[in-house]
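Single-structure report; data block below.
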Amino acid sequence: MEKIYITTAIPYLNGLPHAGHAMDYYLADVCSRYQKMLGNIVRFQAGTDEHGNKIYQKAKELNIPVKDYVDANAQKFKDFIKKLDVEYTDFVRTTDTEHEKKVQEIWLKLKDHIYLARYAGWYCTGCERYVTEKEYKENNGICPDHQKPYEKLEEENYYLRISDFKEQIREAILSKRMLILPEFREKEILKLLDESPDVSISRPKEQLTWGVPVPDDDSQVMYVWIDALANYITVLGFPEKDISDFWPAYAQFVGKDILRFHAIIWPAMLLALGLELPRTLVSHGMILSNGQKMSKSIGNVIDPIEVLDKHGTEAFRYFFLRHVDTFSDSDFTWEKFEDSYNNELANDLGNLVQRLATLCFKNNFELKDLPESELPKEYTELMDKFEFSRAFDFVWEKVQGINRKIDEDKPWSLAKEGKLTELNQVLSSEVMDLLEAAKLLSPFLPETAERIAQVFSGKIEPPKEPLFPKTK
RNA sequence: CGUGGGGUAGAGCAGCCUGGUAGCUCGUUUGGCUCAUAACCAAAAGGUCGUUGGUUCAAAUCCAACCCCCACAACCA
């Protein structure tokens, strides 16, 4: 029995939950349920990133206290996760006083690798950010969004000396001690690592008010990195507690857009703290809508709540875990969603449960005892490599195989001909196959797996309500 | 010359590393079955594997050049 720690990226609270967040949670949830099935103890973190100017401004716009704003939004994420039927064990908010306190302690521990430097650059007061020299030139010195000339500004920032750890990080990636998935992202990260400058980790107070104060320097506030990334270990109790029972993380799930921070800045922090690097960083793709990135201006945003309310959690999990590729971008359209629901969930699986249960019921068949079976190697190999959508495909082949087998066995003919021994034999093997498939299905569709197990234990009766009623 | 990924039947993808008669799912057409949610099973049709050139007895697969699409490019999952 092993102790397994799984993390998800903490969403920035300036918006509401959307389809993309669901990916993180689902992948982690499948991983978690699978690990539990193997008999391991799982700790599963989720949380929210609640500091920074954008949140501060958003609250101001809405004319409510910032704390109230983040409280309300954090609750929305908690509700969302619940609705997804995702089983996290720990929830961390970066505005928790415990977290803030720990982050300051962590900052002090990092001190040997932090230095103060002056930064000068072109700044747009509209965007509230510095632009690169290149961007400055491209826009001829005028911000295209605000039609205002950039100003030359200078400020002091603290920096984390990434260069102290580049070699170690490179070695960890190449040796796969910190495995980056999908593997083709490795190249990208190694390149970025090479070029990565030291990272700025604070802002002057006047510029950033909503954040964790830098210890020993009243004039500076922590910028996102240390504060947000540290959540993965503060939630375990670091630095007061020895976290070596669950750390290093078995897997950290992130979107491909933030992989770079998790593969460069985060390992640098960990190394500076004397902690081990995570075993695996799993980066997933983005959800597209009609082939395009979801965006409010295009108006193609898929509201996950709408999907959940329309077809329920299991159908949502089914689509996102099987038809959204684990590693690359995938398209969501209502048409694809409905098709997969009707043709696969309802026809393949739902109907299978119905027909087999009816066959058992009509012939008074009951399964005596279910032998413990090992998980198929093909399945565990895919699951261990985090190839979840492919593992799901494998399970589905089993489901379809049972439909085929029923057609070949023709239990209804055996019943008519009175071949009862043979009939019991084929029903028994078919039911066992289905229960086996349900077991493999349980990390993906826990509720459905449970319902199948119930239908076929003890006296078998066809469910009064089909598992997945058709929508058309 | 920013970095990375991709271009294979109507759609979505596998195959490419380790060359040797082009495969899966969905859709379409036809047939079968009747236990089942008009569900299930079988068969068929459908592709000059982005372009051009090279290596080879043989290339989707290796090499070169080019074209096109997408993502990322320090804070919009």
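Quick note on naming: the chains in the structure tokens go A, B, ... in the order shown, residues restart at 1 in each chain, and ligands are numbered from 1 in order of appearance.
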
Please provide the set of residues having any atom within 12 Å of C76 (chain B), restricted to only C-alpha atoms (C1' of nucleotides), with same-chain residues fewer than 6 positions apart removed, written as an NGL selection string. :A and (12-15 or 54 or 257 or 293-297)

Can you spit out the residues from that selection as a CSV table (one decimal), in the first residue's frame, using N, CA and C atoms?
```
chain,number,residue,atom,x,y,z
A,12,TYR,N,-7.5,30.7,-11.2
A,12,TYR,CA,-7.5,32.1,-10.7
A,12,TYR,C,-8.9,32.6,-10.6
A,13,LEU,N,-9.2,33.2,-9.5
A,13,LEU,CA,-10.6,33.4,-9.2
A,13,LEU,C,-11.2,34.7,-9.9
A,14,ASN,N,-10.6,35.1,-11.0
A,14,ASN,CA,-11.3,36.3,-11.6
A,14,ASN,C,-12.4,35.9,-12.6
A,15,GLY,N,-12.7,34.6,-12.6
A,15,GLY,CA,-13.7,34.2,-13.5
A,15,GLY,C,-14.5,33.0,-12.9
A,54,LYS,N,-5.9,41.7,-10.7
A,54,LYS,CA,-7.2,41.5,-11.5
A,54,LYS,C,-8.3,41.2,-10.6
A,257,ASP,N,-0.8,25.3,-21.0
A,257,ASP,CA,-0.4,26.7,-20.9
A,257,ASP,C,0.4,27.0,-19.7
A,293,LYS,N,-10.7,28.1,-29.9
A,293,LYS,CA,-10.5,28.4,-28.5
A,293,LYS,C,-11.8,29.1,-28.0
A,294,MET,N,-12.2,28.7,-26.9
A,294,MET,CA,-13.4,29.3,-26.3
A,294,MET,C,-13.1,30.7,-26.0
A,295,SER,N,-14.0,31.6,-26.4
A,295,SER,CA,-13.8,33.0,-26.1
A,295,SER,C,-15.1,33.7,-26.0
A,296,LYS,N,-15.2,34.7,-25.1
A,296,LYS,CA,-16.4,35.4,-24.9
A,296,LYS,C,-16.8,36.2,-26.2
A,297,SER,N,-15.7,36.7,-26.8
A,297,SER,CA,-16.0,37.6,-28.0
A,297,SER,C,-16.5,36.8,-29.2
```

Within 7 Å of Tyr115 (chain A), counting only C-alpha atoms (C1' of nucleotides), which residues show up once you throw out same-chain ones fewer than 6 positions away? Write them as JSON, numbers by chain, please. {"A": [158, 159, 160]}

Once you count only C-alpha atoms (C1' of nucleotides), which residues of chain B turn out to be within 12 Å of chain A? Could you give them as a PyMOL selection string? chain B and resi 2-6+11-14+24-27+32-42+69-77

Within region 58-189 of chain A, find each residue whose DSSP state, derived from the backbone, is helix (DSSP H, G or I), and express the selection as number ranges by chain. A: 58-61, 66-83, 97-109, 111-113, 133-138, 162-164, 166-174, 185-189

Report, in Å with one decimal, the straight-line distance from C1' of C62 (chain B) to C1' of A22 (chain B). 18.6 Å
